[in-house]
>>> print(open('data_8.tsv').read())   # TSV, C-alpha atoms
chain	number	residue	atom	x	y	z
A	1	MET	CA	163.83	102.10	-125.18
A	2	THR	CA	160.27	103.40	-125.09
A	3	ALA	CA	158.48	105.37	-122.41
A	4	SER	CA	156.81	102.14	-121.26
A	5	GLY	CA	160.10	100.35	-120.82
A	6	VAL	CA	160.01	98.07	-123.88
A	7	ALA	CA	162.43	98.43	-126.79
A	8	ILE	CA	161.03	99.06	-130.25
A	9	SER	CA	163.16	99.36	-133.36
A	10	ARG	CA	163.25	102.42	-135.57
A	11	ALA	CA	162.22	100.27	-138.53
A	12	THR	CA	159.17	99.08	-136.61
A	13	PHE	CA	158.29	102.64	-135.67
A	14	ASP	CA	158.56	103.81	-139.28
A	15	ARG	CA	156.40	100.89	-140.38
A	16	LEU	CA	153.68	101.32	-137.77
A	17	ARG	CA	153.85	104.99	-136.83
A	18	LEU	CA	150.71	107.03	-136.47
A	19	PRO	CA	149.91	109.47	-139.27
A	20	SER	CA	150.82	112.98	-138.16
A	21	ALA	CA	148.19	115.68	-137.99
A	22	SER	CA	149.77	117.42	-140.96
A	23	ALA	CA	150.33	114.32	-143.09
A	24	GLY	CA	147.51	115.18	-145.43
A	25	SER	CA	148.19	118.89	-145.69
A	26	ASP	CA	148.76	120.10	-149.28
A	27	SER	CA	151.01	122.83	-147.91
A	28	GLN	CA	153.54	120.35	-146.47
A	29	ALA	CA	156.58	119.97	-148.71
A	30	GLY	CA	156.69	116.67	-150.57
A	31	SER	CA	153.36	115.40	-149.19
A	32	SER	CA	150.82	113.60	-151.34
A	33	ARG	CA	147.51	111.93	-150.63
A	34	ASP	CA	145.69	109.47	-152.86
A	35	ASP	CA	142.60	109.10	-150.69
A	36	GLN	CA	139.51	110.93	-151.87
A	37	PRO	CA	137.68	113.62	-149.91
A	38	GLY	CA	135.36	112.01	-147.39
A	39	ASP	CA	137.55	108.94	-146.75
A	40	PRO	CA	137.64	108.55	-142.96
A	41	LEU	CA	141.21	107.23	-142.89
A	42	PRO	CA	144.28	107.04	-145.14
A	43	VAL	CA	144.83	103.66	-146.77
A	44	ASP	CA	148.20	101.89	-146.73
A	45	VAL	CA	149.82	101.69	-150.16
A	46	GLY	CA	149.82	98.09	-151.29
A	47	SER	CA	147.37	96.87	-148.65
A	48	GLN	CA	145.32	93.86	-149.67
A	49	ALA	CA	141.70	93.13	-148.92
A	50	ARG	CA	141.24	90.50	-146.23
A	51	THR	CA	139.12	87.41	-146.78
A	52	GLU	CA	136.19	86.22	-144.73
A	53	GLY	CA	138.28	84.01	-142.46
A	54	PRO	CA	141.54	82.17	-143.10
A	55	ALA	CA	141.26	79.65	-145.91
A	56	SER	CA	143.01	76.99	-143.82
A	57	SER	CA	140.19	77.16	-141.26
A	58	ARG	CA	137.32	76.76	-143.69
A	59	SER	CA	136.91	73.05	-143.09
A	60	THR	CA	136.72	73.41	-139.32
A	61	GLY	CA	134.27	76.30	-139.17
A	62	PRO	CA	134.45	79.47	-137.07
A	63	LEU	CA	135.61	79.46	-133.47
A	64	LEU	CA	132.86	81.91	-132.57
A	65	ALA	CA	129.52	82.08	-134.36
A	66	VAL	CA	126.85	84.54	-133.23
A	67	ARG	CA	123.48	83.93	-134.86
A	68	ASN	CA	120.41	86.21	-134.78
A	69	LEU	CA	121.30	87.56	-131.35
A	70	SER	CA	118.90	90.02	-129.74
A	71	ILE	CA	118.58	91.54	-126.28
A	72	ALA	CA	116.36	94.29	-124.88
A	73	PHE	CA	116.44	96.35	-121.69
A	74	GLY	CA	113.11	97.69	-120.48
A	75	GLY	CA	111.53	97.19	-123.89
A	76	VAL	CA	114.36	98.98	-125.73
A	77	ASN	CA	116.34	96.80	-128.14
A	78	ALA	CA	120.07	96.93	-127.41
A	79	LEU	CA	120.94	94.29	-130.04
A	80	THR	CA	118.76	93.11	-132.92
A	81	ASP	CA	119.47	90.00	-135.01
A	82	VAL	CA	123.26	90.28	-134.78
A	83	ASN	CA	125.28	87.74	-136.80
A	84	LEU	CA	129.06	87.54	-136.50
A	85	ASP	CA	131.88	85.01	-137.03
A	86	VAL	CA	135.46	84.80	-135.77
A	87	TRP	CA	137.75	82.19	-137.35
A	88	PRO	CA	140.88	80.55	-135.91
A	89	GLY	CA	143.87	82.88	-136.05
A	90	GLU	CA	141.71	85.80	-137.17
A	91	CYS	CA	141.30	89.24	-135.61
A	92	VAL	CA	137.87	90.79	-136.09
A	93	GLY	CA	137.19	94.42	-135.26
A	94	LEU	CA	133.88	95.61	-133.83
A	95	ILE	CA	133.32	99.33	-134.26
A	96	GLY	CA	130.46	101.74	-133.82
A	97	PRO	CA	129.54	105.00	-132.08
A	98	ASN	CA	128.90	105.19	-128.34
A	99	GLY	CA	125.76	103.32	-127.39
A	100	ALA	CA	125.85	101.10	-130.49
A	101	GLY	CA	125.80	97.91	-128.40
A	102	LYS	CA	129.42	96.79	-128.70
A	103	THR	CA	130.10	96.07	-125.03
A	104	THR	CA	126.62	94.58	-124.69
A	105	LEU	CA	127.55	92.07	-127.39
A	106	LEU	CA	130.79	91.16	-125.58
A	107	ASN	CA	128.83	90.78	-122.35
A	108	CYS	CA	126.44	88.37	-124.08
A	109	ILE	CA	129.28	86.30	-125.55
A	110	SER	CA	131.04	86.11	-122.17
A	111	ARG	CA	127.70	85.25	-120.47
A	112	LEU	CA	127.53	88.32	-118.27
A	113	LEU	CA	124.21	88.99	-119.98
A	114	ASP	CA	121.63	86.50	-121.22
A	115	PRO	CA	120.28	87.45	-124.66
A	116	SER	CA	116.57	87.30	-125.39
A	117	THR	CA	116.94	85.25	-128.58
A	118	GLY	CA	119.66	83.82	-130.79
A	119	SER	CA	122.66	81.52	-130.49
A	120	ILE	CA	126.30	81.89	-129.44
A	121	LEU	CA	128.38	78.94	-130.61
A	122	ILE	CA	131.96	78.23	-129.52
A	123	GLU	CA	133.32	75.57	-131.87
A	124	GLY	CA	129.74	74.49	-132.43
A	125	VAL	CA	128.84	74.32	-128.73
A	126	GLU	CA	125.88	76.47	-127.67
A	127	CYS	CA	127.37	78.48	-124.83
A	128	ARG	CA	123.98	79.83	-123.73
A	129	ARG	CA	123.46	76.40	-122.15
A	130	VAL	CA	126.73	76.68	-120.21
A	131	PRO	CA	126.62	78.25	-116.72
A	132	THR	CA	128.28	81.65	-116.61
A	133	ALA	CA	130.95	80.42	-114.21
A	134	ARG	CA	131.93	77.70	-116.70
A	135	ILE	CA	132.17	79.81	-119.86
A	136	VAL	CA	135.94	80.09	-119.43
A	137	SER	CA	136.14	76.29	-119.74
A	138	LEU	CA	135.06	76.70	-123.39
A	139	GLY	CA	138.08	78.92	-123.99
A	140	VAL	CA	136.27	82.27	-123.95
A	141	LYS	CA	138.49	84.91	-122.29
A	142	ARG	CA	138.15	88.69	-122.15
A	143	THR	CA	139.54	91.97	-120.94
A	144	PHE	CA	137.60	94.96	-119.67
A	145	GLN	CA	137.84	98.71	-120.17
A	146	ASN	CA	138.57	99.19	-116.45
A	147	ILE	CA	141.90	97.58	-115.50
A	148	ALA	CA	142.07	98.98	-111.94
A	149	THR	CA	140.98	95.71	-110.28
A	150	PHE	CA	144.42	94.26	-109.42
A	151	GLN	CA	146.49	97.38	-108.91
A	152	GLU	CA	148.09	96.28	-105.61
A	153	MET	CA	149.18	92.84	-106.82
A	154	ARG	CA	152.40	91.84	-108.53
A	155	VAL	CA	152.28	91.05	-112.24
A	156	ALA	CA	152.98	87.34	-111.70
A	157	GLU	CA	150.10	87.13	-109.20
A	158	VAL	CA	147.67	88.81	-111.59
A	159	LEU	CA	148.62	86.45	-114.40
A	160	ALA	CA	148.23	83.44	-112.09
A	161	ILE	CA	144.64	84.49	-111.34
A	162	GLY	CA	143.86	83.78	-114.98
A	163	ALA	CA	144.75	80.10	-114.44
A	164	HIS	CA	142.31	79.53	-111.57
A	165	HIS	CA	140.10	77.32	-113.75
A	166	GLU	CA	143.09	75.07	-114.48
A	167	THR	CA	143.70	74.12	-110.83
A	168	ARG	CA	141.97	71.56	-108.61
A	169	SER	CA	143.93	71.82	-105.35
A	170	THR	CA	142.22	73.32	-102.31
A	171	PHE	CA	143.30	75.94	-99.80
A	172	LEU	CA	144.19	73.11	-97.40
A	173	ASP	CA	146.37	71.50	-100.09
A	174	ALA	CA	148.27	74.78	-100.44
A	175	VAL	CA	148.74	75.14	-96.66
A	176	LEU	CA	149.95	71.56	-96.26
A	177	GLY	CA	152.07	71.61	-99.41
A	178	THR	CA	150.49	68.44	-100.79
A	179	PRO	CA	151.85	66.88	-104.00
A	180	ILE	CA	148.91	68.12	-106.08
A	181	ALA	CA	149.43	71.68	-104.81
A	182	SER	CA	153.15	71.51	-105.61
A	183	ARG	CA	152.53	70.15	-109.12
A	184	GLU	CA	149.93	72.77	-109.88
A	185	SER	CA	152.13	75.55	-108.52
A	186	LEU	CA	154.92	74.55	-110.91
A	187	ARG	CA	152.49	74.28	-113.84
A	188	VAL	CA	150.92	77.69	-113.16
A	189	ARG	CA	154.39	79.24	-112.82
A	190	ALA	CA	155.32	77.87	-116.25
A	191	MET	CA	152.08	79.24	-117.71
A	192	VAL	CA	152.78	82.66	-116.18
A	193	GLU	CA	156.25	82.74	-117.73
A	194	GLU	CA	154.89	81.66	-121.12
A	195	SER	CA	152.13	84.29	-121.10
A	196	ALA	CA	154.55	87.02	-120.01
A	197	ALA	CA	157.03	86.08	-122.73
A	198	ALA	CA	154.32	86.20	-125.40
A	199	LEU	CA	153.51	89.78	-124.42
A	200	GLY	CA	157.06	90.97	-123.80
A	201	ILE	CA	156.59	91.61	-120.08
A	202	SER	CA	158.79	88.87	-118.59
A	203	GLU	CA	161.03	91.42	-116.86
A	204	LEU	CA	157.98	92.91	-115.11
A	205	LEU	CA	156.74	89.78	-113.30
A	206	GLY	CA	158.00	91.00	-109.90
A	207	HIS	CA	156.61	94.53	-110.27
A	208	VAL	CA	153.45	95.84	-108.61
A	209	VAL	CA	150.85	96.61	-111.29
A	210	ARG	CA	150.11	100.17	-110.11
A	211	ASP	CA	153.79	101.08	-110.62
A	212	LEU	CA	153.72	100.19	-114.33
A	213	PRO	CA	153.04	102.52	-117.26
A	214	TYR	CA	149.45	102.28	-118.45
A	215	GLY	CA	150.35	100.42	-121.64
A	216	ASN	CA	152.07	97.65	-119.69
A	217	GLN	CA	149.12	97.45	-117.30
A	218	LYS	CA	146.93	96.71	-120.32
A	219	LYS	CA	149.35	94.01	-121.46
A	220	VAL	CA	149.12	92.43	-118.01
A	221	ASP	CA	145.34	92.32	-118.34
A	222	ILE	CA	145.64	90.63	-121.74
A	223	GLY	CA	148.17	88.20	-120.27
A	224	ARG	CA	145.71	87.28	-117.51
A	225	ALA	CA	143.09	86.52	-120.16
A	226	LEU	CA	145.51	84.34	-122.14
A	227	MET	CA	146.38	82.11	-119.15
A	228	GLY	CA	145.39	78.50	-119.68
A	229	GLY	CA	144.84	79.06	-123.38
A	230	ALA	CA	142.20	81.16	-125.11
A	231	LYS	CA	140.20	79.94	-128.08
A	232	VAL	CA	138.30	83.23	-128.32
A	233	LEU	CA	139.83	86.41	-126.88
A	234	LEU	CA	137.51	89.38	-126.38
A	235	LEU	CA	139.35	92.71	-126.10
A	236	ASP	CA	137.47	95.81	-124.94
A	237	GLU	CA	139.30	98.93	-126.18
A	238	PRO	CA	142.94	97.80	-125.78
A	239	ALA	CA	144.29	101.05	-127.27
A	240	ALA	CA	142.22	103.46	-125.16
A	241	GLY	CA	144.29	105.91	-123.13
A	242	LEU	CA	147.66	104.89	-124.59
A	243	SER	CA	150.45	107.24	-125.60
A	244	GLU	CA	151.74	107.06	-129.18
A	245	TRP	CA	154.61	104.74	-128.23
A	246	GLU	CA	152.31	102.52	-126.17
A	247	TRP	CA	149.81	102.52	-129.06
A	248	LEU	CA	152.52	101.22	-131.39
A	249	GLU	CA	153.72	98.63	-128.89
A	250	MET	CA	150.18	97.34	-128.34
A	251	LEU	CA	149.63	97.09	-132.09
A	252	GLU	CA	152.87	95.17	-132.52
A	253	THR	CA	152.08	92.90	-129.55
A	254	LEU	CA	148.64	91.97	-130.90
A	255	HIS	CA	150.03	91.39	-134.39
A	256	ARG	CA	152.59	89.02	-132.88
A	257	LEU	CA	149.85	87.25	-130.92
A	258	LYS	CA	147.83	86.88	-134.12
A	259	SER	CA	150.73	85.40	-136.04
A	260	THR	CA	151.84	82.90	-133.39
A	261	THR	CA	148.53	81.45	-132.13
A	262	THR	CA	145.25	80.12	-133.48
A	263	THR	CA	143.28	82.23	-131.01
A	264	GLY	CA	140.38	84.10	-132.57
A	265	ILE	CA	140.32	87.73	-131.43
A	266	LEU	CA	137.27	89.99	-131.32
A	267	VAL	CA	138.30	93.54	-130.49
A	268	ILE	CA	136.18	96.60	-129.70
A	269	GLU	CA	138.03	99.81	-130.47
A	270	HIS	CA	137.05	103.44	-130.97
A	271	GLN	CA	140.42	104.34	-132.55
A	272	LEU	CA	139.65	103.44	-136.14
A	273	GLU	CA	143.23	103.65	-137.34
A	274	PHE	CA	144.26	101.08	-134.74
A	275	VAL	CA	141.56	98.59	-135.66
A	276	ARG	CA	142.16	99.17	-139.39
A	277	ARG	CA	145.82	98.18	-139.01
A	278	LEU	CA	145.07	95.21	-136.75
A	279	ALA	CA	141.87	93.55	-137.94
A	280	ASP	CA	141.41	91.09	-140.80
A	281	ARG	CA	137.74	92.00	-140.99
A	282	ILE	CA	135.48	94.57	-139.36
A	283	TYR	CA	131.83	94.57	-138.31
A	284	ALA	CA	130.21	97.98	-137.82
A	285	LEU	CA	127.40	98.19	-135.28
A	286	ASP	CA	124.91	101.03	-134.92
A	287	ALA	CA	121.79	101.14	-132.74
A	288	GLY	CA	122.23	97.44	-132.01
A	289	GLN	CA	122.36	96.31	-135.64
A	290	ILE	CA	125.18	95.31	-137.98
A	291	ILE	CA	125.28	97.96	-140.70
A	292	ALA	CA	128.43	96.87	-142.55
A	293	GLN	CA	131.00	94.07	-142.58
A	294	GLY	CA	134.04	93.21	-144.66
A	295	SER	CA	137.64	94.30	-145.06
A	296	PRO	CA	138.77	97.25	-142.90
A	297	ASP	CA	139.21	99.63	-145.84
A	298	ALA	CA	135.82	98.74	-147.31
A	299	VAL	CA	133.93	99.11	-144.03
A	300	LEU	CA	135.60	102.38	-143.04
A	301	LYS	CA	134.63	103.88	-146.41
A	302	ASP	CA	131.04	102.63	-146.19
A	303	ARG	CA	128.57	105.51	-146.40
A	304	GLY	CA	126.39	104.11	-143.63
A	305	VAL	CA	129.38	103.76	-141.29
A	306	ILE	CA	130.52	107.31	-141.97
A	307	GLU	CA	127.01	108.62	-141.32
A	308	ALA	CA	126.83	106.65	-138.05
A	309	TYR	CA	130.02	108.38	-136.83
A	310	ILE	CA	129.66	111.92	-138.13
A	311	GLY	CA	126.00	112.22	-139.08
A	312	THR	CA	126.50	112.74	-142.80
A	313	ALA	CA	128.53	111.21	-145.60
A	314	THR	CA	130.71	113.42	-147.74
A	315	ALA	CA	130.49	112.82	-151.49
>>> encode(input="data_8.tsv", output="structure tokens")
Amino acid sequence: MTASGVAISRATFDRLRLPSASAGSDSQAGSSRDDQPGDPLPVDVGSQARTEGPASSRSTGPLLAVRNLSIAFGGVNALTDVNLDVWPGECVGLIGPNGAGKTTLLNCISRLLDPSTGSILIEGVECRRVPTARIVSLGVKRTFQNIATFQEMRVAEVLAIGAHHETRSTFLDAVLGTPIASRESLRVRAMVEESAAALGISELLGHVVRDLPYGNQKKVDIGRALMGGAKVLLLDEPAAGLSEWEWLEMLETLHRLKSTTTTGILVIEHQLEFVRRLADRIYALDAGQIIAQGSPDAVLKDRGVIEAYIGTATA
């Protein structure tokens, strides 16, 4: 049993565990490293390069297609001609130093910001023509860095909030217990149980959110976003602030979500090892522009990406 209250097997821990600080030390007995000096991260033995979207989804096109997207604040370009795709069942990482424009891009996709130029297509539908309040009806769901919004509510109540767009009954229907209110209550309850089961938090439905470990609070936020079905799931730093055990649990949870749904996931993450293990492809953003894209190992070894993070590339 982990510190966050969810069991994780020893085999899973050995498979997913974080590299220790001394893993690359030549002085450690029996240690060996094949990565060359200057590589930002160790590479898994036997890892395979990912393709540009699942082959089975080629005929249908990407779930999310961002084309030539630009936005400026006070004459300063925050994003310039950004192009990005997310395919069904694919997890795409979005990395870059602070101020690169990552959250700005998520805010444009979720219609919290209106870009100056460009297109944002959800299954071919231009979502810039959709009112902000209706963007969720296209299947675009997201989480935020700050998860303190629903701290005093129970987990089941927080998850149910994510299904608000699926209900049509009014407050008066709920007070009077009309048939439509009863039917929708049962349907939302089933959705809550399904979302909780997918994230391994079914036993927490009656708990108040503020009483949960931080890792489980983040899972609740993801569960809220998944309610009612998500075609495109936008995750803003899901691994930030987690302990090592919670980090591993979150990684395993998102891998399970990837393998059991056709949801396309776009994830912002500063912890490069986390996004390397999770993502099928990575886009690197710097100063509002895409500077590299491709498989995780290729992007994280890209000279321009290394320079964007540490200021210089080591030969």
>>> closest_atom_pairs(input="data_8.tsv", of="region 264-289 of chain A", to="region 82-101 of chain A", cutoff="6 Å", atoms="all atoms listed in the file", output="JSON lines")
{"residue": "A:Gly264", "atom": "CA", "partner": "A:Pro88", "partner_atom": "CA", "distance": 4.9}
{"residue": "A:Ile265", "atom": "CA", "partner": "A:Cys91", "partner_atom": "CA", "distance": 4.6}
{"residue": "A:Leu266", "atom": "CA", "partner": "A:Val92", "partner_atom": "CA", "distance": 4.9}
{"residue": "A:Val267", "atom": "CA", "partner": "A:Gly93", "partner_atom": "CA", "distance": 5.0}
{"residue": "A:Ile268", "atom": "CA", "partner": "A:Leu94", "partner_atom": "CA", "distance": 4.8}
{"residue": "A:Ala279", "atom": "CA", "partner": "A:Cys91", "partner_atom": "CA", "distance": 4.9}
{"residue": "A:Asp280", "atom": "CA", "partner": "A:Cys91", "partner_atom": "CA", "distance": 5.5}
{"residue": "A:Arg281", "atom": "CA", "partner": "A:Val92", "partner_atom": "CA", "distance": 5.0}
{"residue": "A:Ile282", "atom": "CA", "partner": "A:Gly93", "partner_atom": "CA", "distance": 4.4}
{"residue": "A:Tyr283", "atom": "CA", "partner": "A:Leu94", "partner_atom": "CA", "distance": 5.0}
{"residue": "A:Ala284", "atom": "CA", "partner": "A:Ile95", "partner_atom": "CA", "distance": 4.9}
{"residue": "A:Leu285", "atom": "CA", "partner": "A:Gly96", "partner_atom": "CA", "distance": 4.9}
{"residue": "A:Asp286", "atom": "CA", "partner": "A:Ala100", "partner_atom": "CA", "distance": 4.5}
{"residue": "A:Ala287", "atom": "CA", "partner": "A:Ala100", "partner_atom": "CA", "distance": 4.6}
{"residue": "A:Gly288", "atom": "CA", "partner": "A:Gly101", "partner_atom": "CA", "distance": 5.1}
>>> residues_around(input="data_8.tsv", residues="Ala156 (chain A)", least_positions_apart="5", cutoff="8 Å", atoms="all atoms listed in the file", output="MDAnalysis selection string")
chainID A and resid 192 205:206
>>> write_last_selection(input="data_8.tsv", atoms="C-alpha atoms", output="PDB file, in the coordinates of the input")
ATOM      1  CA  VAL A 192     152.780  82.660-116.180  1.00  0.00           C
ATOM      2  CA  LEU A 205     156.740  89.780-113.300  1.00  0.00           C
ATOM      3  CA  GLY A 206     158.000  91.000-109.900  1.00  0.00           C
TER       4      GLY A 206
END
>>> residues_around(input="data_8.tsv", residues="Ala230 (chain A)", least_positions_apart="5", cutoff="9 Å", atoms="all atoms listed in the file", output="PyMOL selection string")
chain A and resi 136+138-141+225+262-264
>>> atom_distance(input="data_8.tsv", atom1="CA of Ala190 (chain A)", atom2="CA of Thr261 (chain A)")
17.6 Å
>>> residues_near_point(input="data_8.tsv", point="(148.4, 95.6, -119.5)", cutoff="10 Å", atoms="all atoms listed in the file", output="PyMOL selection string")
chain A and resi 143+147+155+199+201+209+212-224+238+250
>>> write_last_selection(input="data_8.tsv", atoms="C-alpha atoms", output="short mmCIF file (atom, residue, chain, number, x, y, z; two decimals), in the coordinates of the input")
data_model
loop_
_atom_site.label_atom_id
_atom_site.label_comp_id
_atom_site.auth_asym_id
_atom_site.auth_seq_id
_atom_site.Cartn_x
_atom_site.Cartn_y
_atom_site.Cartn_z
CA THR A 143 139.54 91.97 -120.94
CA ILE A 147 141.90 97.58 -115.50
CA VAL A 155 152.28 91.05 -112.24
CA LEU A 199 153.51 89.78 -124.42
CA ILE A 201 156.59 91.61 -120.08
CA VAL A 209 150.85 96.61 -111.29
CA LEU A 212 153.72 100.19 -114.33
CA PRO A 213 153.04 102.52 -117.26
CA TYR A 214 149.45 102.28 -118.45
CA GLY A 215 150.35 100.42 -121.64
CA ASN A 216 152.07 97.65 -119.69
CA GLN A 217 149.12 97.45 -117.30
CA LYS A 218 146.93 96.71 -120.32
CA LYS A 219 149.35 94.01 -121.46
CA VAL A 220 149.12 92.43 -118.01
CA ASP A 221 145.34 92.32 -118.34
CA ILE A 222 145.64 90.63 -121.74
CA GLY A 223 148.17 88.20 -120.27
CA ARG A 224 145.71 87.28 -117.51
CA PRO A 238 142.94 97.80 -125.78
CA MET A 250 150.18 97.34 -128.34
#
>>> atom_distance(input="data_8.tsv", atom1="CA of Arg129 (chain A)", atom2="CA of Ile161 (chain A)")
25.1 Å
>>> closest_residue(input="data_8.tsv", among="A:Ile290, A:Ser169, A:Leu251, A:Glu273", to="Ala181 (chain A)", atoms="all atoms listed in the file")
A:Ser169
>>> atom_distance(input="data_8.tsv", atom1="CA of Ser116 (chain A)", atom2="CA of Leu69 (chain A)")
7.6 Å
>>> closest_residue(input="data_8.tsv", among="A:Asp236, A:Asp211, A:Glu203, A:Asp173", to="Leu105 (chain A)", atoms="all atoms listed in the file")
A:Asp236
>>> residues_around(input="data_8.tsv", residues="Arg111 (chain A)", least_positions_apart="3", cutoff="9 Å", atoms="all atoms listed in the file", output="PyMOL selection string")
chain A and resi 106-108+114-115+127-128+130-133+135
>>> residues_around(input="data_8.tsv", residues="Arg154 (chain A)", least_positions_apart="4", cutoff="9 Å", atoms="all atoms listed in the file", output="PyMOL selection string")
chain A and resi 150+158-159+204-210
>>> axis_aligned_box(input="data_8.tsv", around="region 149-154 of chain A", padding_each_side="8 Å", output="JSON")
{"center_x": 146.7, "center_y": 94.6, "center_z": -107.9, "size_x": 27.4, "size_y": 21.5, "size_z": 20.7}
>>> closest_residue(input="data_8.tsv", among="A:Arg168, A:Gln271, A:Asn68, A:Lys301", to="Ser182 (chain A)", atoms="only C-alpha atoms")
A:Arg168
>>> decode(input="data_8.tsv", residues="region 170-187 of chain A", atoms="N, CA and C atoms", output="JSON list (two decimals), in the first residue's frame")
[["chain", "number", "residue", "atom", "x", "y", "z"],
["A", 170, "THR", "N", -33.78, 21.03, -14.46],
["A", 170, "THR", "CA", -33.62, 22.32, -13.79],
["A", 170, "THR", "C", -33.56, 22.14, -12.27],
["A", 171, "PHE", "N", -33.29, 23.24, -11.59],
["A", 171, "PHE", "CA", -33.29, 23.22, -10.13],
["A", 171, "PHE", "C", -34.66, 22.81, -9.60],
["A", 172, "LEU", "N", -35.72, 23.29, -10.25],
["A", 172, "LEU", "CA", -37.08, 22.94, -9.83],
["A", 172, "LEU", "C", -37.34, 21.45, -10.02],
["A", 173, "ASP", "N", -36.81, 20.86, -11.12],
["A", 173, "ASP", "CA", -36.94, 19.42, -11.33],
["A", 173, "ASP", "C", -36.32, 18.65, -10.17],
["A", 174, "ALA", "N", -35.14, 19.11, -9.73],
["A", 174, "ALA", "CA", -34.44, 18.43, -8.64],
["A", 174, "ALA", "C", -35.23, 18.54, -7.34],
["A", 175, "VAL", "N", -35.80, 19.73, -7.07],
["A", 175, "VAL", "CA", -36.56, 19.93, -5.84],
["A", 175, "VAL", "C", -37.82, 19.06, -5.82],
["A", 176, "LEU", "N", -38.49, 18.97, -6.98],
["A", 176, "LEU", "CA", -39.74, 18.24, -7.06],
["A", 176, "LEU", "C", -39.54, 16.75, -7.31],
["A", 177, "GLY", "N", -38.29, 16.36, -7.62],
["A", 177, "GLY", "CA", -38.03, 14.95, -7.89],
["A", 177, "GLY", "C", -38.73, 14.45, -9.14],
["A", 178, "THR", "N", -38.74, 15.26, -10.19],
["A", 178, "THR", "CA", -39.42, 14.88, -11.43],
["A", 178, "THR", "C", -38.72, 13.70, -12.08],
["A", 179, "PRO", "N", -39.42, 12.99, -12.99],
["A", 179, "PRO", "CA", -38.82, 11.82, -13.64],
["A", 179, "PRO", "C", -37.50, 12.14, -14.35],
["A", 180, "ILE", "N", -37.42, 13.29, -15.03],
["A", 180, "ILE", "CA", -36.18, 13.62, -15.74],
["A", 180, "ILE", "C", -35.03, 13.82, -14.75],
["A", 181, "ALA", "N", -35.32, 14.43, -13.60],
["A", 181, "ALA", "CA", -34.28, 14.63, -12.59],
["A", 181, "ALA", "C", -33.83, 13.29, -12.02],
["A", 182, "SER", "N", -34.75, 12.38, -11.80],
["A", 182, "SER", "CA", -34.40, 11.06, -11.27],
["A", 182, "SER", "C", -33.56, 10.27, -12.26],
["A", 183, "ARG", "N", -33.96, 10.31, -13.54],
["A", 183, "ARG", "CA", -33.20, 9.58, -14.57],
["A", 183, "ARG", "C", -31.79, 10.13, -14.69],
["A", 184, "GLU", "N", -31.68, 11.45, -14.70],
["A", 184, "GLU", "CA", -30.37, 12.05, -14.85],
["A", 184, "GLU", "C", -29.50, 11.81, -13.62],
["A", 185, "SER", "N", -30.10, 11.78, -12.45],
["A", 185, "SER", "CA", -29.34, 11.50, -11.23],
["A", 185, "SER", "C", -28.73, 10.10, -11.29],
["A", 186, "LEU", "N", -29.51, 9.13, -11.75],
["A", 186, "LEU", "CA", -29.00, 7.77, -11.87],
["A", 186, "LEU", "C", -27.89, 7.68, -12.92],
["A", 187, "ARG", "N", -28.08, 8.40, -14.04],
["A", 187, "ARG", "CA", -27.08, 8.36, -15.11],
["A", 187, "ARG", "C", -25.77, 9.00, -14.67]]
